[in-house]
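Accompanying notes for the structure given below.
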Amino acid sequence: MLKVAIVGATGYTGEELIRLLVDHPKVKITSLTAKIDKPQNISEIFSRLSGRIDLQCANLENVDDVAAISHLVFLALPHRVSMKFAPQFLQLGRKVIDLSADYRLKDTELYGTWYKVVHSSPDLVQKAVYGLPELYRAEIKKADLVANPGCYPTGIILGSAPLLKKGFVDVSEIIIDAKTGLSGAGRKAALDLHFSEITGNLKAYKINQHQHMPEISQELTNLAGESVKIVFVPHLVPLNRGILNTIYFKKSRKMGLKEALDLYKDFYKDEPFVRVKPSGQFPQIKEVFETNFCDIGIWTEQHSDTLIVISAIDNLGKGAAGQAVQNMNIMYNFKETAGLL
Ligand SMILES: NC(=O)c1ccc[n+]([C@@H]2O[C@H](COP(=O)([O-])OP(=O)(O)OC[C@H]3O[C@@H](n4cnc5c(N)ncnc54)[C@H](OP(=O)(O)O)[C@@H]3O)[C@@H](O)[C@H]2O)c1
């Protein structure tokens with residue numbers, strides 16, 4: 001059995017990792033740590049895990065102790081915190097899947113601009129593999145450090161990849177309207193995330209200022225082979241989990257709906273977690289809830305210059321913990337869908 005440690009086990013993505021890994025046929029969870037005052041059984045912290053796992057969650061005091069009882073470490077930590085621990089685990093010969101943004105941006109100066117801190121291990125950033133299996137499966141297989149993608153970027157990149165790879169759309173301005181549930185912000189308390197602030201409400205935030213913008217641009221530019229400009233408008237919706245992205249493209253050549261759907265179906269034909277909807281059907285958050293699927297729907301007409309792609313994921317599933325488990329399966333040659341379907 002592969003022995004895994006989860007650091008940041010008391011957060012939302014940590015909880016979701018535990019939920020997925022307790023049922024995984026090839027994995028044993030051997031270490032749970034976070035920033036907590038005194039050790040506590042994880043099923044007391046998350047009572048829905050009661051009867052499924054009996055393990056203490058302790059304060060992360062000593063990296064050596066965690067490494068001694070694990071082969072692979074999931075870092076479900078805030079950005080800026082992960083980069084304190086990833087180098088230590090790697091130094092001790094452990095593989096790491098980091099759910100934070102710390103190893104996603106190849107340009108560490110850009111990381112500094114967006115995350116307001118100087119990166120402390122820029123060498124590792126270059127070695128890290130961006131953990132989006134649909135684009136980087138071969139590299140993930142050989143990786144010691146996987147930078148698990150952000151939740152918004154996952155659905156947006158998957159929703160854009162086929163068109164950008166073919167060069168079928170104008171890359172001078174792609175407009176992305178995105179809507180997320182609240183668990184995307186993590187478990188810590190914040191005034192603007194209170195039930196009474198959010199319920200019955202819908203609002204845009206961080207327009208063209210969201211920290212996921214450089215990550216989205218990096219990957220869309222890689223796909224297109226030229227600089228891609230985006231306009232990104234995220235919204236908060238009164239849901240617990242789920243992200244719906246509506247992406248507006250201007251076509252650079254004539255393309256009808258059938259051709260666009262065939263392009264996407266062919267691009268993702270071997271992908272177990274990307275489902276392209278038939279003509280006239282569009283993704284819904286409830287259909288990807290607590291799954292590792294990314295659902296994609298397309299609208300266009302032959303005479304229209306516009307092509308709209310809608311993608312939906314569960315931010316804690318394909319947008320975080322599910323994708324991290326998929327990456328683990330690839331790294332260790334397990335069945336890619338193990339523990340996820
Ligand atoms: N939520 C999502 O949908 C989502 C999606 C994709 C990626 N991510 C990324 O995944 C990471 C975790 O997100 P999350 O939503 O799970 O956050 P979260 O709910 O805030 O959980 C963070 C966890 O890290 C622990 N922690 C914080 N500082 C620590 C330290 N110095 N030492 C040890 N443990 C520490 C926290 O413990 P305390 O609670 O005691 O501080 C908590 O267990 C973040 O980088 C986030 O950006 C999140």
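Following the order of the structure tokens, chains are lettered A, B, ..., residues in each are numbered from 1, and ligands are numbered from 1.
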
Given only C-alpha atoms and all ligand atoms, how would the per-residue table for chain A near ligand 1 read, listing every residue at most 6 Å away with its closest atom pair and distance in Å to one decimal, sorted by chain and number, as JSON lines?
{"residue": "A:Gly8", "atom": "CA", "partner": "ligand 1", "partner_atom_place_in_ligand_line": "43 (O)", "distance": 3.5}
{"residue": "A:Ala9", "atom": "CA", "partner": "ligand 1", "partner_atom_place_in_ligand_line": "43 (O)", "distance": 4.8}
{"residue": "A:Thr10", "atom": "CA", "partner": "ligand 1", "partner_atom_place_in_ligand_line": "43 (O)", "distance": 3.6}
{"residue": "A:Gly11", "atom": "CA", "partner": "ligand 1", "partner_atom_place_in_ligand_line": "21 (O)", "distance": 3.2}
{"residue": "A:Tyr12", "atom": "CA", "partner": "ligand 1", "partner_atom_place_in_ligand_line": "16 (O)", "distance": 3.9}
{"residue": "A:Thr13", "atom": "CA", "partner": "ligand 1", "partner_atom_place_in_ligand_line": "16 (O)", "distance": 3.7}
{"residue": "A:Gly14", "atom": "CA", "partner": "ligand 1", "partner_atom_place_in_ligand_line": "16 (O)", "distance": 5.5}
{"residue": "A:Ala34", "atom": "CA", "partner": "ligand 1", "partner_atom_place_in_ligand_line": "34 (N)", "distance": 3.7}
{"residue": "A:Lys35", "atom": "CA", "partner": "ligand 1", "partner_atom_place_in_ligand_line": "34 (N)", "distance": 4.0}
{"residue": "A:Ile36", "atom": "CA", "partner": "ligand 1", "partner_atom_place_in_ligand_line": "40 (O)", "distance": 5.0}
{"residue": "A:Leu60", "atom": "CA", "partner": "ligand 1", "partner_atom_place_in_ligand_line": "33 (C)", "distance": 5.4}
{"residue": "A:Ala76", "atom": "CA", "partner": "ligand 1", "partner_atom_place_in_ligand_line": "12 (C)", "distance": 4.3}
{"residue": "A:Leu77", "atom": "CA", "partner": "ligand 1", "partner_atom_place_in_ligand_line": "24 (O)", "distance": 4.0}
{"residue": "A:Pro78", "atom": "CA", "partner": "ligand 1", "partner_atom_place_in_ligand_line": "45 (O)", "distance": 3.6}
{"residue": "A:His79", "atom": "CA", "partner": "ligand 1", "partner_atom_place_in_ligand_line": "45 (O)", "distance": 4.5}
{"residue": "A:Val81", "atom": "CA", "partner": "ligand 1", "partner_atom_place_in_ligand_line": "31 (N)", "distance": 5.8}
{"residue": "A:Leu99", "atom": "CA", "partner": "ligand 1", "partner_atom_place_in_ligand_line": "10 (O)", "distance": 4.4}
{"residue": "A:Ser100", "atom": "CA", "partner": "ligand 1", "partner_atom_place_in_ligand_line": "45 (O)", "distance": 3.3}
{"residue": "A:Ala101", "atom": "CA", "partner": "ligand 1", "partner_atom_place_in_ligand_line": "45 (O)", "distance": 5.9}
{"residue": "A:Gly150", "atom": "CA", "partner": "ligand 1", "partner_atom_place_in_ligand_line": "6 (C)", "distance": 4.5}
{"residue": "A:Cys151", "atom": "CA", "partner": "ligand 1", "partner_atom_place_in_ligand_line": "6 (C)", "distance": 4.5}
{"residue": "A:Ser183", "atom": "CA", "partner": "ligand 1", "partner_atom_place_in_ligand_line": "1 (N)", "distance": 5.2}
{"residue": "A:Gly184", "atom": "CA", "partner": "ligand 1", "partner_atom_place_in_ligand_line": "3 (O)", "distance": 3.4}
{"residue": "A:Ala185", "atom": "CA", "partner": "ligand 1", "partner_atom_place_in_ligand_line": "1 (N)", "distance": 5.4}
{"residue": "A:Gly186", "atom": "CA", "partner": "ligand 1", "partner_atom_place_in_ligand_line": "15 (O)", "distance": 3.2}
{"residue": "A:Arg187", "atom": "CA", "partner": "ligand 1", "partner_atom_place_in_ligand_line": "19 (O)", "distance": 3.7}
{"residue": "A:Lys188", "atom": "CA", "partner": "ligand 1", "partner_atom_place_in_ligand_line": "20 (O)", "distance": 5.2}
{"residue": "A:Asn315", "atom": "CA", "partner": "ligand 1", "partner_atom_place_in_ligand_line": "3 (O)", "distance": 4.5}
{"residue": "A:Leu316", "atom": "CA", "partner": "ligand 1", "partner_atom_place_in_ligand_line": "3 (O)", "distance": 4.6}
{"residue": "A:Gly319", "atom": "CA", "partner": "ligand 1", "partner_atom_place_in_ligand_line": "6 (C)", "distance": 5.2}
{"residue": "A:Ala320", "atom": "CA", "partner": "ligand 1", "partner_atom_place_in_ligand_line": "6 (C)", "distance": 4.2}

Sorted per-residue table, region 87-187 of chain A near region 207-221 of chain A, closest atoms and distance, 9 Å, only C-alpha atoms, as JSON lines:
{"residue": "A:Ala101", "atom": "CA", "partner": "A:His212", "partner_atom": "CA", "distance": 8.6}
{"residue": "A:Arg104", "atom": "CA", "partner": "A:Glu215", "partner_atom": "CA", "distance": 6.9}
{"residue": "A:Leu105", "atom": "CA", "partner": "A:Glu215", "partner_atom": "CA", "distance": 6.1}
{"residue": "A:Lys106", "atom": "CA", "partner": "A:Gln218", "partner_atom": "CA", "distance": 8.3}
{"residue": "A:Leu110", "atom": "CA", "partner": "A:Pro214", "partner_atom": "CA", "distance": 7.7}
{"residue": "A:Tyr111", "atom": "CA", "partner": "A:Pro214", "partner_atom": "CA", "distance": 8.3}
{"residue": "A:Trp114", "atom": "CA", "partner": "A:Gln211", "partner_atom": "CA", "distance": 6.0}
{"residue": "A:Tyr115", "atom": "CA", "partner": "A:Gln211", "partner_atom": "CA", "distance": 7.4}
{"residue": "A:Pro149", "atom": "CA", "partner": "A:Glu215", "partner_atom": "CA", "distance": 8.4}
{"residue": "A:Gly150", "atom": "CA", "partner": "A:His212", "partner_atom": "CA", "distance": 7.0}
{"residue": "A:Cys151", "atom": "CA", "partner": "A:His212", "partner_atom": "CA", "distance": 8.6}
{"residue": "A:Tyr152", "atom": "CA", "partner": "A:His212", "partner_atom": "CA", "distance": 7.0}
{"residue": "A:Pro153", "atom": "CA", "partner": "A:Ile216", "partner_atom": "CA", "distance": 5.3}
{"residue": "A:Thr154", "atom": "CA", "partner": "A:Ile216", "partner_atom": "CA", "distance": 8.5}
{"residue": "A:Ile156", "atom": "CA", "partner": "A:Ile216", "partner_atom": "CA", "distance": 7.4}
{"residue": "A:Ile157", "atom": "CA", "partner": "A:Leu220", "partner_atom": "CA", "distance": 6.5}
{"residue": "A:Ser160", "atom": "CA", "partner": "A:Leu220", "partner_atom": "CA", "distance": 7.5}
{"residue": "A:Ala161", "atom": "CA", "partner": "A:Leu220", "partner_atom": "CA", "distance": 7.3}
{"residue": "A:Leu164", "atom": "CA", "partner": "A:Leu220", "partner_atom": "CA", "distance": 7.3}
{"residue": "A:Val171", "atom": "CA", "partner": "A:Thr221", "partner_atom": "CA", "distance": 8.8}

Dump C-alpha atoms for the selected residues as an mmCIF file, in the first residue's frame?
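Output file selection.cif is given in full below:
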data_model
loop_
_atom_site.group_PDB
_atom_site.id
_atom_site.type_symbol
_atom_site.label_atom_id
_atom_site.label_comp_id
_atom_site.auth_asym_id
_atom_site.auth_seq_id
_atom_site.Cartn_x
_atom_site.Cartn_y
_atom_site.Cartn_z
ATOM 1 C CA ALA A 101 -0.339 28.090 -6.061
ATOM 2 C CA ARG A 104 2.265 26.698 -10.600
ATOM 3 C CA LEU A 105 3.717 29.874 -12.105
ATOM 4 C CA LYS A 106 6.950 29.310 -14.020
ATOM 5 C CA LEU A 110 5.157 37.186 -11.692
ATOM 6 C CA TYR A 111 4.459 34.951 -8.673
ATOM 7 C CA TRP A 114 0.584 38.429 -7.537
ATOM 8 C CA TYR A 115 1.312 36.696 -4.225
ATOM 9 C CA PRO A 149 -3.856 23.446 -10.706
ATOM 10 C CA GLY A 150 -6.166 26.072 -9.293
ATOM 11 C CA CYS A 151 -9.922 25.563 -9.363
ATOM 12 C CA TYR A 152 -10.832 28.328 -11.822
ATOM 13 C CA PRO A 153 -7.883 27.512 -14.120
ATOM 14 C CA THR A 154 -8.836 23.809 -14.343
ATOM 15 C CA ILE A 156 -11.127 27.301 -18.026
ATOM 16 C CA ILE A 157 -8.061 25.573 -19.484
ATOM 17 C CA SER A 160 -10.296 26.287 -24.043
ATOM 18 C CA ALA A 161 -7.615 23.743 -24.955
ATOM 19 C CA LEU A 164 -6.423 27.163 -28.796
ATOM 20 C CA VAL A 171 -6.452 35.207 -28.801
#

Can you list every residue in region 44-170 of chain A that DSSP puts in alpha helix (DSSP H), as a ChimeraX atom specification?
-> /A:44-45,63-68,82-91,108-115,122-127,133-142,151-166

Write the residues of the preceding selection, restricted to C-alpha atoms, as a PDB file, in the first residue's frame.
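That gives us again_0.pdb:
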ATOM      1  CA  GLU A  44     -14.093  14.273  15.727  1.00  0.00           C
ATOM      2  CA  ILE A  45     -13.086  17.251  13.564  1.00  0.00           C
ATOM      3  CA  VAL A  63       8.759  17.245   8.826  1.00  0.00           C
ATOM      4  CA  ASP A  64      11.085  14.258   9.472  1.00  0.00           C
ATOM      5  CA  ASP A  65       8.398  12.508  11.564  1.00  0.00           C
ATOM      6  CA  VAL A  66       5.826  12.868   8.769  1.00  0.00           C
ATOM      7  CA  ALA A  67       8.309  11.785   6.088  1.00  0.00           C
ATOM      8  CA  ALA A  68       9.333   8.727   8.136  1.00  0.00           C
ATOM      9  CA  SER A  82       3.499  25.256   1.018  1.00  0.00           C
ATOM     10  CA  MET A  83       6.868  26.503  -0.194  1.00  0.00           C
ATOM     11  CA  LYS A  84       8.175  26.333   3.381  1.00  0.00           C
ATOM     12  CA  PHE A  85       7.567  22.585   3.496  1.00  0.00           C
ATOM     13  CA  ALA A  86       7.786  21.205  -0.064  1.00  0.00           C
ATOM     14  CA  PRO A  87      11.609  21.537  -0.302  1.00  0.00           C
ATOM     15  CA  GLN A  88      12.056  19.712   3.026  1.00  0.00           C
ATOM     16  CA  PHE A  89       9.905  16.734   1.997  1.00  0.00           C
ATOM     17  CA  LEU A  90      11.598  16.539  -1.397  1.00  0.00           C
ATOM     18  CA  GLN A  91      15.023  16.690   0.277  1.00  0.00           C
ATOM     19  CA  THR A 108       8.670  33.518 -10.219  1.00  0.00           C
ATOM     20  CA  GLU A 109       8.767  37.306 -10.580  1.00  0.00           C
ATOM     21  CA  LEU A 110       5.157  37.186 -11.692  1.00  0.00           C
ATOM     22  CA  TYR A 111       4.459  34.951  -8.673  1.00  0.00           C
ATOM     23  CA  GLY A 112       6.020  37.665  -6.480  1.00  0.00           C
ATOM     24  CA  THR A 113       3.836  40.352  -8.054  1.00  0.00           C
ATOM     25  CA  TRP A 114       0.584  38.429  -7.537  1.00  0.00           C
ATOM     26  CA  TYR A 115       1.312  36.696  -4.225  1.00  0.00           C
ATOM     27  CA  PRO A 122      12.564  29.110  -7.579  1.00  0.00           C
ATOM     28  CA  ASP A 123      14.708  26.141  -8.680  1.00  0.00           C
ATOM     29  CA  LEU A 124      11.921  23.746  -7.648  1.00  0.00           C
ATOM     30  CA  VAL A 125       9.349  25.796  -9.550  1.00  0.00           C
ATOM     31  CA  GLN A 126      11.171  24.913 -12.757  1.00  0.00           C
ATOM     32  CA  LYS A 127      11.193  21.204 -11.855  1.00  0.00           C
ATOM     33  CA  PRO A 133      -3.433  15.253 -16.597  1.00  0.00           C
ATOM     34  CA  GLU A 134      -5.272  16.019 -19.849  1.00  0.00           C
ATOM     35  CA  LEU A 135      -2.282  18.152 -20.962  1.00  0.00           C
ATOM     36  CA  TYR A 136       0.733  16.887 -18.989  1.00  0.00           C
ATOM     37  CA  ARG A 137       0.107  13.179 -18.261  1.00  0.00           C
ATOM     38  CA  ALA A 138       3.539  11.964 -19.458  1.00  0.00           C
ATOM     39  CA  GLU A 139       5.382  14.556 -17.321  1.00  0.00           C
ATOM     40  CA  ILE A 140       3.211  13.873 -14.245  1.00  0.00           C
ATOM     41  CA  LYS A 141       4.141  10.175 -14.457  1.00  0.00           C
ATOM     42  CA  LYS A 142       7.802  11.045 -13.829  1.00  0.00           C
ATOM     43  CA  CYS A 151      -9.922  25.563  -9.363  1.00  0.00           C
ATOM     44  CA  TYR A 152     -10.832  28.328 -11.822  1.00  0.00           C
ATOM     45  CA  PRO A 153      -7.883  27.512 -14.120  1.00  0.00           C
ATOM     46  CA  THR A 154      -8.836  23.809 -14.343  1.00  0.00           C
ATOM     47  CA  GLY A 155     -12.269  24.358 -15.896  1.00  0.00           C
ATOM     48  CA  ILE A 156     -11.127  27.301 -18.026  1.00  0.00           C
ATOM     49  CA  ILE A 157      -8.061  25.573 -19.484  1.00  0.00           C
ATOM     50  CA  LEU A 158      -9.996  22.369 -20.228  1.00  0.00           C
ATOM     51  CA  GLY A 159     -12.767  24.452 -21.781  1.00  0.00           C
ATOM     52  CA  SER A 160     -10.296  26.287 -24.043  1.00  0.00           C
ATOM     53  CA  ALA A 161      -7.615  23.743 -24.955  1.00  0.00           C
ATOM     54  CA  PRO A 162      -9.010  22.210 -28.180  1.00  0.00           C
ATOM     55  CA  LEU A 163      -9.747  25.599 -29.798  1.00  0.00           C
ATOM     56  CA  LEU A 164      -6.423  27.163 -28.796  1.00  0.00           C
ATOM     57  CA  LYS A 165      -4.336  24.179 -29.901  1.00  0.00           C
ATOM     58  CA  LYS A 166      -5.921  24.377 -33.350  1.00  0.00           C
TER      59      LYS A 166
END

Ala58 (chain A) surroundings by only C-alpha atoms, 9 Å radius, close-in-sequence under 6 positions cut, as a list in words =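 Close residues of Ala58 (chain A): Ser31, Leu32, Thr33, Ala34, Lys35, Ile36, Asp37, Lys38, Pro39, Gln40 and Asn41 of chain A.
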
Can you pull out every residue within 7 Å of Asp98 (chain A), counting only C-alpha atoms, but drop anything in the same chain fewer than 6 positions away, and send it as a PyMOL selection string?
-> chain A and resi 74-76+146-148

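Pairwise distance (CA of Ser279 (chain A), CA of Ile247 (chain A)) equals 16.8 Å.
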